[in-house]
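Note: the block below is upload.tsv and it holds TSV, C-alpha atoms and all ligand atoms.
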chain	number	residue	atom	x	y	z
R	164	MET	CA	-15.29	8.89	25.56
R	165	LYS	CA	-15.29	11.91	27.77
R	166	ILE	CA	-12.94	14.55	29.21
R	167	GLU	CA	-13.16	15.37	32.94
R	168	LEU	CA	-11.33	17.71	35.30
R	169	SER	CA	-10.22	17.32	38.88
R	170	ASP	CA	-7.60	19.26	40.93
R	171	ASN	CA	-6.09	21.02	37.90
R	172	LYS	CA	-5.72	17.69	36.19
R	173	VAL	CA	-7.36	16.54	32.94
R	174	PHE	CA	-8.76	13.03	32.71
R	175	PHE	CA	-9.84	10.91	29.78
R	176	LYS	CA	-12.72	8.56	30.52
R	177	ASN	CA	-13.42	5.60	28.27
R	178	ASN	CA	-15.17	2.24	28.79
R	179	GLY	CA	-15.19	2.61	32.55
R	180	SER	CA	-11.48	3.47	32.84
R	181	LYS	CA	-10.27	6.93	33.82
R	182	LYS	CA	-6.73	8.03	33.00
R	183	GLU	CA	-4.91	11.30	33.49
R	184	ILE	CA	-3.77	13.10	30.36
R	185	HIS	CA	-0.13	14.10	30.80
R	186	PRO	CA	0.18	17.91	31.09
R	187	PHE	CA	3.09	17.88	28.66
R	188	TRP	CA	0.91	16.09	26.07
R	189	LEU	CA	-1.48	19.04	26.28
R	190	ARG	CA	1.38	21.58	26.30
R	191	GLU	CA	2.69	20.09	23.03
R	192	ARG	CA	-0.69	20.79	21.46
R	193	VAL	CA	-0.97	24.50	22.22
R	194	ASN	CA	-2.33	26.04	19.07
R	195	GLY	CA	-2.22	29.83	19.09
R	196	LYS	CA	-0.64	31.69	16.20
R	197	ASP	CA	2.66	31.95	18.06
R	198	PHE	CA	2.83	28.18	18.38
R	199	ILE	CA	1.39	26.71	15.16
R	200	ASP	CA	1.86	27.88	11.59
R	201	LYS	CA	-1.67	28.36	10.31
R	202	GLY	CA	-0.97	27.26	6.73
R	203	SER	CA	1.12	24.13	7.28
R	204	GLN	CA	-0.29	23.23	10.71
R	205	GLN	CA	3.32	22.63	11.78
R	206	ARG	CA	4.74	23.56	15.17
R	207	LEU	CA	6.70	26.77	15.53
R	208	PHE	CA	8.39	25.51	18.69
R	209	ASP	CA	10.46	22.47	19.57
R	210	PRO	CA	8.83	20.52	22.44
R	211	THR	CA	12.11	18.74	23.18
R	212	GLU	CA	13.49	22.10	24.29
R	213	LEU	CA	10.76	22.57	26.91
R	214	LYS	CA	11.04	21.52	30.53
R	215	GLY	CA	9.41	18.11	30.93
R	216	ASN	CA	7.78	18.85	34.29
R	217	ILE	CA	5.37	21.50	33.05
R	218	LYS	CA	2.26	21.69	35.22
R	219	ILE	CA	-1.25	22.95	34.69
R	220	LYS	CA	-1.93	26.17	36.61
R	221	ASN	CA	-5.53	26.57	35.62
R	222	VAL	CA	-7.99	24.57	33.54
R	223	SER	CA	-11.64	24.90	32.53
R	224	LEU	CA	-13.97	22.83	30.43
R	225	SER	CA	-17.03	23.72	28.33
R	226	ASP	CA	-19.08	21.66	25.88
R	227	ARG	CA	-16.67	22.29	23.05
R	228	TYR	CA	-13.42	23.55	24.52
R	229	LEU	CA	-10.73	22.79	27.04
R	230	LYS	CA	-8.90	25.94	28.22
R	231	VAL	CA	-5.54	25.37	29.86
R	232	ALA	CA	-3.02	27.72	31.47
R	233	PHE	CA	0.39	26.17	32.08
R	234	ASP	CA	2.91	27.16	34.71
R	235	ASP	CA	5.35	28.42	32.05
R	236	GLY	CA	2.89	31.24	31.21
R	237	VAL	CA	1.45	29.68	28.06
R	238	GLU	CA	-2.32	29.42	27.61
R	239	THR	CA	-4.33	27.53	25.01
R	240	LYS	CA	-7.86	26.60	23.98
R	241	LEU	CA	-8.21	23.12	22.47
R	242	THR	CA	-11.38	21.69	20.94
R	243	ILE	CA	-12.68	18.60	22.73
R	244	GLN	CA	-13.25	17.04	19.34
R	245	SER	CA	-9.56	17.33	18.41
R	246	ILE	CA	-8.52	15.66	21.67
R	247	LEU	CA	-11.01	12.81	21.33
R	248	LYS	CA	-9.93	12.26	17.73
R	249	GLU	CA	-6.38	11.62	18.89
R	250	PHE	CA	-7.55	8.80	21.12
R	251	SER	CA	-8.71	6.92	18.06
R	252	ASN	CA	-5.35	7.57	16.47
R	253	VAL	CA	-5.45	4.95	13.71
R	254	ASN	CA	-4.67	5.08	10.02
R	255	ASP	CA	-8.05	5.18	8.23
R	256	ILE	CA	-6.62	3.14	5.37
R	257	GLY	CA	-6.15	0.13	7.64
R	258	LEU	CA	-9.88	0.22	8.38
R	259	ILE	CA	-10.80	-0.41	4.74
R	260	GLU	CA	-11.66	-4.08	4.76
R	261	LYS	CA	-9.94	-6.23	2.16
R	262	ILE	CA	-12.34	-8.31	0.07
R	263	GLU	CA	-11.09	-11.78	-0.82
R	264	TRP	CA	-11.65	-12.70	-4.45
R	265	ASP	CA	-10.85	-15.46	-6.91
R	266	SER	CA	-11.37	-16.21	-10.61
R	267	SER	CA	-15.15	-15.83	-10.22
R	268	LEU	CA	-14.82	-12.09	-9.62
R	269	ASN	CA	-17.01	-10.31	-12.18
R	270	ASN	CA	-16.46	-6.74	-11.14
R	271	LEU	CA	-13.21	-5.56	-12.67
R	272	ASN	CA	-13.36	-2.26	-10.80
R	273	ASN	CA	-13.60	-0.09	-13.90
R	274	PHE	CA	-13.53	3.68	-13.68
R	275	GLU	CA	-13.72	5.92	-16.72
R	276	PHE	CA	-10.91	8.42	-16.98
R	277	ASN	CA	-11.40	12.12	-17.58
R	278	ASN	CA	-8.88	14.94	-17.32
R	279	ASN	CA	-10.25	16.16	-13.99
R	280	ILE	CA	-10.56	12.75	-12.35
R	281	PHE	CA	-7.64	13.28	-9.95
R	282	GLU	CA	-9.62	15.90	-8.02
R	283	GLU	CA	-13.03	14.25	-8.37
R	284	LYS	CA	-15.04	12.08	-6.03
R	285	MET	CA	-14.71	9.27	-8.57
R	286	MET	CA	-11.00	9.08	-7.79
R	287	TYR	CA	-11.85	8.69	-4.10
R	288	GLU	CA	-14.16	5.79	-5.02
R	289	ALA	CA	-11.50	4.26	-7.26
R	290	LEU	CA	-8.94	4.41	-4.46
R	291	ILE	CA	-11.33	2.85	-1.96
R	292	SER	CA	-11.92	0.08	-4.50
R	293	PHE	CA	-8.16	-0.28	-4.91
R	294	TYR	CA	-7.71	-0.87	-1.18
R	295	LYS	CA	-10.63	-3.32	-1.08
R	296	TYR	CA	-9.65	-5.45	-4.08
R	297	GLY	CA	-5.98	-4.61	-4.61
R	298	PHE	CA	-6.56	-3.30	-8.11
R	299	VAL	CA	-8.60	-0.96	-10.29
R	300	ILE	CA	-8.73	-0.39	-14.04
R	301	PHE	CA	-9.09	3.11	-15.45
R	302	LYS	CA	-10.69	3.03	-18.90
R	303	LYS	CA	-10.15	5.42	-21.83
R	304	VAL	CA	-6.88	6.84	-20.52
R	305	PRO	CA	-5.24	8.75	-23.43
R	306	THR	CA	-2.84	6.42	-25.24
R	307	GLU	CA	-0.16	9.08	-25.59
R	308	ASN	CA	3.38	7.91	-25.12
R	309	ASN	CA	4.54	8.47	-21.48
R	310	PHE	CA	1.06	9.51	-20.33
R	311	ILE	CA	1.57	7.05	-17.48
R	312	VAL	CA	4.13	9.40	-15.93
R	313	LYS	CA	1.59	12.22	-15.91
R	314	PHE	CA	-1.02	9.86	-14.48
R	315	ALA	CA	1.26	8.57	-11.70
R	316	ASN	CA	2.39	12.06	-10.75
R	317	SER	CA	-1.21	13.24	-10.56
R	318	ILE	CA	-1.88	10.72	-7.80
R	319	GLY	CA	1.43	11.16	-6.02
R	320	SER	CA	5.05	10.82	-7.10
R	321	ILE	CA	6.48	8.23	-9.41
R	322	ARG	CA	8.90	5.74	-7.87
R	323	ARG	CA	11.92	5.59	-10.13
R	324	THR	CA	13.95	2.35	-10.36
R	325	ASN	CA	16.96	1.17	-12.35
R	326	PHE	CA	14.47	0.33	-15.12
R	327	GLY	CA	13.91	4.08	-15.37
R	328	GLU	CA	11.07	6.40	-14.48
R	329	PHE	CA	8.79	4.10	-16.47
R	330	PHE	CA	9.34	1.00	-18.57
R	331	ASN	CA	8.10	-0.21	-21.93
R	332	VAL	CA	6.65	-3.71	-21.91
R	333	LYS	CA	7.10	-5.14	-25.38
R	334	SER	CA	9.23	-7.88	-26.85
R	335	LYS	CA	12.71	-6.67	-27.69
R	336	PRO	CA	16.05	-8.28	-28.59
R	337	ASN	CA	18.50	-9.19	-25.76
R	338	PRO	CA	16.08	-8.42	-22.92
R	339	ASN	CA	17.39	-8.12	-19.33
R	340	ASP	CA	14.04	-9.42	-18.04
R	341	LEU	CA	11.56	-12.00	-19.34
R	342	ALA	CA	8.86	-9.31	-19.22
R	343	TYR	CA	10.38	-7.93	-22.42
R	344	THR	CA	9.70	-11.09	-24.45
R	345	SER	CA	6.51	-12.69	-25.80
R	346	LEU	CA	6.88	-15.65	-23.43
R	347	PRO	CA	4.13	-16.37	-20.89
R	348	LEU	CA	4.69	-14.89	-17.45
R	349	ALA	CA	3.39	-16.92	-14.54
R	350	PRO	CA	1.85	-14.97	-11.65
R	351	HIS	CA	4.54	-13.10	-9.76
R	352	THR	CA	5.12	-9.96	-7.73
R	353	ASP	CA	7.47	-7.35	-9.11
R	354	ASN	CA	10.91	-6.48	-7.83
R	355	PRO	CA	11.02	-8.70	-4.71
R	356	TYR	CA	14.77	-8.00	-4.64
R	357	ARG	CA	14.31	-4.28	-3.98
R	358	ASN	CA	14.37	-2.67	-0.54
R	359	PRO	CA	11.75	-1.41	-0.18
R	360	VAL	CA	9.74	-3.26	-2.81
R	361	PRO	CA	7.70	-0.82	-4.94
R	362	CYS	CA	4.18	-0.81	-3.51
R	363	ILE	CA	1.97	-0.24	-6.54
R	364	GLN	CA	2.40	-0.96	-10.21
R	365	LEU	CA	0.64	1.00	-12.96
R	366	LEU	CA	0.37	-0.64	-16.37
R	367	HIS	CA	-1.02	1.32	-19.29
R	368	CYS	CA	-2.04	-0.44	-22.47
R	369	ILE	CA	-1.10	1.61	-25.56
R	370	GLU	CA	-1.46	-1.10	-28.22
R	371	ASN	CA	-2.70	-4.67	-28.12
R	372	GLU	CA	-3.18	-6.18	-31.57
R	373	VAL	CA	-2.33	-9.79	-30.68
R	374	SER	CA	-4.87	-12.50	-29.94
R	375	GLY	CA	-3.01	-13.78	-26.84
R	376	GLY	CA	-1.23	-11.67	-24.25
R	377	TYR	CA	-4.05	-11.77	-21.68
R	378	SER	CA	-3.30	-10.11	-18.36
R	379	THR	CA	-3.61	-12.25	-15.25
R	380	LEU	CA	-4.14	-11.28	-11.62
R	381	VAL	CA	-4.18	-13.40	-8.46
R	382	ASP	CA	-5.14	-12.19	-5.02
R	383	GLY	CA	-2.22	-13.12	-2.76
R	384	TYR	CA	-4.37	-12.25	0.24
R	385	THR	CA	-7.06	-14.82	-0.69
R	386	VAL	CA	-4.42	-17.50	-1.34
R	387	THR	CA	-2.64	-16.72	1.94
R	388	GLU	CA	-5.87	-17.06	3.90
R	389	LYS	CA	-6.59	-20.37	2.13
R	390	LEU	CA	-3.10	-21.67	2.94
R	391	LYS	CA	-3.40	-20.58	6.55
R	392	LYS	CA	-6.66	-22.48	6.92
R	393	ASP	CA	-5.90	-25.67	4.98
R	394	TYR	CA	-2.11	-26.02	5.33
R	395	PRO	CA	-1.09	-24.32	8.59
R	396	ASN	CA	2.40	-25.87	8.67
R	397	TYR	CA	3.11	-24.60	5.15
R	398	PHE	CA	1.74	-21.19	6.08
R	399	LYS	CA	3.95	-21.13	9.17
R	400	ILE	CA	7.22	-21.92	7.44
R	401	LEU	CA	6.55	-19.47	4.60
R	402	THR	CA	6.01	-16.72	7.16
R	403	GLU	CA	9.20	-17.59	9.06
R	404	ILE	CA	12.03	-18.28	6.61
R	405	LYS	CA	13.73	-15.40	4.87
R	406	VAL	CA	14.55	-16.08	1.24
R	407	LYS	CA	17.07	-14.15	-0.83
R	408	TYR	CA	15.68	-12.40	-3.91
R	409	GLN	CA	18.18	-11.27	-6.46
R	410	PHE	CA	18.38	-9.30	-9.70
R	411	ILE	CA	21.60	-8.93	-11.64
R	412	ASP	CA	22.40	-7.15	-14.85
R	413	GLN	CA	25.47	-5.35	-16.21
R	414	ASP	CA	24.96	-2.26	-14.08
R	415	VAL	CA	23.58	-3.41	-10.76
R	416	VAL	CA	23.27	-6.22	-8.22
R	417	LEU	CA	20.05	-5.99	-6.20
R	418	GLU	CA	19.41	-8.34	-3.28
R	419	ASP	CA	16.91	-8.46	-0.45
R	420	TRP	CA	15.91	-11.07	2.10
R	421	SER	CA	12.32	-11.60	3.13
R	422	GLU	CA	9.66	-14.15	4.02
R	423	MET	CA	7.49	-15.27	1.11
R	424	ILE	CA	4.48	-14.28	3.21
R	425	LYS	CA	5.09	-11.32	5.45
R	426	LEU	CA	2.81	-10.63	8.40
R	427	ASP	CA	2.43	-7.38	10.31
R	428	GLU	CA	2.97	-6.90	14.06
R	429	ASN	CA	-0.54	-8.26	14.70
R	430	LYS	CA	0.16	-11.39	12.62
R	431	ASN	CA	-2.12	-10.18	9.86
R	432	PHE	CA	-1.37	-10.26	6.15
R	433	LYS	CA	1.10	-7.61	5.05
R	434	GLN	CA	2.86	-8.65	1.86
R	435	VAL	CA	3.61	-11.55	-0.44
R	436	ARG	CA	6.67	-11.93	-2.62
R	437	PHE	CA	6.68	-14.56	-5.29
R	438	SER	CA	8.98	-14.81	-8.27
R	439	PRO	CA	10.38	-18.30	-8.82
R	440	ARG	CA	12.93	-16.93	-11.29
R	441	LEU	CA	14.58	-14.83	-8.63
R	442	ASP	CA	14.39	-16.57	-5.25
R	443	PHE	CA	17.12	-18.43	-3.35
R	444	VAL	CA	16.05	-20.52	-0.38
R	445	PRO	CA	18.66	-20.56	2.42
R	446	LEU	CA	20.61	-23.70	3.21
R	447	MET	CA	18.79	-25.41	6.10
R	448	ASP	CA	18.49	-28.90	7.58
R	449	LYS	CA	17.29	-31.40	5.03
R	450	GLU	CA	14.00	-31.99	6.91
R	451	LYS	CA	13.31	-28.30	7.09
R	452	LEU	CA	14.07	-27.89	3.41
R	453	ASP	CA	11.73	-30.81	2.65
R	454	LEU	CA	8.95	-28.90	4.41
R	455	TYR	CA	9.92	-25.59	2.83
R	456	TYR	CA	9.94	-26.96	-0.70
R	457	ALA	CA	6.58	-28.67	-0.15
R	458	ALA	CA	5.16	-25.38	1.14
R	459	ARG	CA	6.57	-23.43	-1.78
R	460	ASN	CA	5.18	-25.98	-4.25
R	461	LYS	CA	1.76	-25.75	-2.64
R	462	ILE	CA	1.60	-21.96	-2.72
R	463	SER	CA	2.84	-21.98	-6.30
R	464	GLU	CA	0.14	-24.51	-7.20
R	465	LEU	CA	-2.50	-22.26	-5.62
R	466	TYR	CA	-1.16	-19.10	-7.27
R	467	ASN	CA	-1.16	-20.84	-10.65
R	468	SER	CA	-4.49	-22.62	-10.34
R	469	ASP	CA	-7.54	-21.63	-12.39
R	470	THR	CA	-9.46	-21.19	-9.15
R	471	TYR	CA	-7.66	-18.00	-8.22
R	472	ARG	CA	-6.40	-16.56	-11.51
R	473	LEU	CA	-8.36	-13.76	-13.10
R	474	GLU	CA	-7.70	-13.47	-16.83
R	475	PHE	CA	-8.72	-10.53	-18.98
R	476	LYS	CA	-7.52	-8.56	-21.95
R	477	LEU	CA	-6.27	-5.03	-21.57
R	478	VAL	CA	-7.39	-2.88	-24.47
R	479	PRO	CA	-5.72	0.37	-25.59
R	480	GLY	CA	-6.56	3.06	-23.05
R	481	ASP	CA	-6.84	0.68	-20.10
R	482	LEU	CA	-4.66	1.54	-17.14
R	483	LEU	CA	-4.37	-1.18	-14.52
R	484	MET	CA	-3.32	-0.08	-11.06
R	485	MET	CA	-2.38	-3.00	-8.80
R	486	ASP	CA	-1.08	-3.53	-5.32
R	487	ASN	CA	2.30	-5.23	-5.68
R	488	TYR	CA	2.30	-6.24	-1.98
R	489	ARG	CA	-1.00	-8.06	-2.29
R	490	LEU	CA	-1.55	-9.16	-5.89
R	491	LEU	CA	0.42	-11.31	-8.26
R	492	HIS	CA	0.27	-10.54	-11.94
R	493	GLY	CA	1.31	-12.17	-15.16
R	494	ARG	CA	0.29	-12.64	-18.77
R	495	THR	CA	-0.36	-15.39	-21.25
R	496	SER	CA	2.00	-15.83	-24.20
R	497	TYR	CA	1.39	-14.16	-27.51
R	498	ASP	CA	2.63	-14.28	-31.08
R	499	ALA	CA	4.62	-11.13	-31.76
R	500	ASN	CA	4.11	-11.69	-35.51
R	501	GLU	CA	0.38	-11.00	-35.13
R	502	GLY	CA	0.92	-7.32	-34.38
R	503	ASN	CA	2.01	-4.92	-31.68
R	504	ARG	CA	1.55	-5.37	-27.97
R	505	PHE	CA	2.83	-2.33	-26.13
R	506	LEU	CA	2.30	-1.46	-22.49
R	507	GLN	CA	4.00	1.16	-20.36
R	508	GLY	CA	4.50	0.61	-16.66
R	509	CYS	CA	5.74	2.46	-13.62
R	510	TYR	CA	5.58	2.30	-9.85
R	511	ILE	CA	4.22	4.49	-7.10
R	512	ASP	CA	4.27	3.92	-3.35
R	513	TYR	CA	1.50	3.78	-0.75
R	514	ASP	CA	2.16	7.34	0.43
R	515	SER	CA	0.82	8.49	-2.96
R	516	THR	CA	-2.48	6.62	-2.81
R	517	GLU	CA	-2.95	7.17	0.93
R	518	GLY	CA	-2.17	10.87	0.62
R	519	LYS	CA	-4.56	11.31	-2.31
R	520	LEU	CA	-7.32	9.29	-0.67
R	521	LYS	CA	-7.12	11.28	2.57
R	522	HIS	CA	-6.99	14.56	0.67
R	523	LEU	CA	-10.15	13.66	-1.31
R	524	LYS	CA	-11.88	12.45	1.85
R	525	ARG	CA	-11.15	15.81	3.48
R	526	LYS	CA	-12.14	17.73	0.33
R	527	PHE	CA	-15.52	16.00	-0.05
R	528	LYS	CA	-16.11	15.85	3.71
R	529	ILE	CA	-16.68	12.09	3.54
R	601	FE	FE	5.81	-8.06	-13.54
Please express what this file holds, its structure, as structure tokens.
Amino acid sequence: MKIELSDNKVFFKNNGSKKEIHPFWLRERVNGKDFIDKGSQQRLFDPTELKGNIKIKNVSLSDRYLKVAFDDGVETKLTIQSILKEFSNVNDIGLIEKIEWDSSLNNLNNFEFNNNIFEEKMMYEALISFYKYGFVIFKKVPTENNFIVKFANSIGSIRRTNFGEFFNVKSKPNPNDLAYTSLPLAPHTDNPYRNPVPCIQLLHCIENEVSGGYSTLVDGYTVTEKLKKDYPNYFKILTEIKVKYQFIDQDVVLEDWSEMIKLDENKNFKQVRFSPRLDFVPLMDKEKLDLYYAARNKISELYNSDTYRLEFKLVPGDLLMMDNYRLLHGRTSYDANEGNRFLQGCYIDYDSTEGKLKHLKRKFKI
């Protein structure tokens, strides 16, 4: 990549192609103290109020800088590095490669908590691990009531829902969700009926005195890739048909429609939703429904198979952080008469983890 000049025009050269950089694009980036607030790095002017046909009056190039004078009297000095960086304008997070895993995964991505962890390099490593595997477990997190709120807000901002700022996972009388019983919970994603679906779930174990109640995780990404390879027609229909997800209680009716496997604009994995207690398949031709039900059964079989399900016990002080767009989670049943099992959960969104990760990357010059 290289910048070149010719006839008061600036060109960007890359892989044998040479393209002019629009003068207005450069004018938008003027960076003197009258144009950019030094602290926030935000513009002090509104480019939509400028004339669109601004031209370059004078331009010069050195090893490190591009100096431009525009015909509206404004001059600026831009670093070459900052211009080149914009031509690889991608979100770094998307470049972290997802690692497919199944029940043979030995590394449970453990990181030991300390009070300063949120500003330490270890948190950067934990977040990288989170994006690679879809989960991490912080050990020895203080088992104080509501500590999860403090934890979540130290990464970003908690995502409040109608279940509250956080929720207590323990068996209770007259529950409005099966999570609040001692029944087993098959692998599922949380809140598929919400728009948008909460991105990340945090689950903090305060007490776990029962012999059952194991936590389970399944990598929806691994299962999706398996389905795509071995059952392409099932994969196709699950990525095409929008299903209604619904939650109803006395105070609220929540509904959202989405594919069970959602792909991004490049047809790559984006999100899975799976919660057989809450989904309503649309009325379609009988043949299409035959195919849809077969596809749903197959993905359910894969999600529930021993091949993909990781099973482990959370002990007091463990805080599991999991990607609710990628992973499914559940638990085995337990006997509430054996003792207490008490977890606290809450949600955060990707802006929290992305923002923290990028901040730490900048801080440690990684
Ligand atoms: Fe859940």
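Near (-7.3, 4.7, -21.2), the residues inside the 7 Å limit, counting all atoms listed in the file, come to Phe276, Phe301, Lys302, Lys303, Val304, Pro305, Thr306, Pro479, Gly480, Asp481 and Leu482 of chain R.
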Next on the checklist: For Val193 in chain R, find every residue with an atom within 9 Å (counting all atoms listed in the file), except residues of its own chain fewer than 4 positions away, and show them as a count of residues only.
Outcome noted: 9
Item to check | Contacts of ligand FE 601 (chain R), 9 Å or closer, only C-alpha atoms and all ligand atoms, given as a ChimeraX atom specification | outcome: /R:342,348,350-354,364,491-494
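Here CA of Ile259 in chain R stands at a distance of 24.3 Å from CA of Phe398 in chain R.
The residue that comes closest to Ser438 in chain R, out of R:Ile321, R:Asn503, R:Asn269, R:Lys407 and on the basis of all atoms listed in the file, is R:Lys407.
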Item to check | Distance query Tyr294 in chain R at most 10 Å, all atoms listed in the file, self and fewer than 4 positions along chain excluded, as number ranges by chain | outcome: R: 256-262, 289-290, 298-299, 485-486, 489, 516-517
Next on the checklist: Need the shell around range 418-426 of chain R: protein/DNA/RNA residues with any atom at most 10 Å away, counting all atoms listed in the file. Skip same-chain ones fewer than 6 positions apart. Format as a PyMOL selection string?
Outcome noted: chain R and resi 354-360+383-384+387+398-411+432-438+441-445+459+462+488-489
What box, with edges along x, y and z, holds each listed atom of range 417-427 of chain R when 4 Å is added on every side, and can you state its centre and edge lengths in Å to one decimal, as lines of an AutoDock Vina configuration file?
center_x = 11.2
center_y = -10.6
center_z = 2.1
size_x = 25.6
size_y = 17.3
size_z = 24.5
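Put simply, CA of Thr495 in chain R is 10.2 Å away from CA of Ser374 in chain R.
Using all atoms listed in the file, the smallest distance between any of R:Thr379, R:Asn500, R:Asn273, R:Gln507 and Lys476 in chain R comes from R:Thr379.
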Checklist entry - Between CA of Leu229 in chain R and CA of Thr242 in chain R, what is the spacing in Å? => result 6.2 Å
Checklist entry - Which residues come within 10 Å of Leu523 in chain R, counting all atoms listed in the file, excluding same-chain residues fewer than 4 positions away, as a PyMOL selection string? => result chain R and resi 281-288+290+517-519+527-529
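When all atoms listed in the file are used to measure the gap to Glu370 in chain R, the shortest distance among R:Phe505, R:Trp264, R:Phe310, R:Tyr510 belongs to R:Phe505.
Counting only C-alpha atoms and comparing R:Asn221, R:Thr324, R:Asn396, R:Asn371, the residue that lies closest to Lys451 in chain R is R:Asn396.
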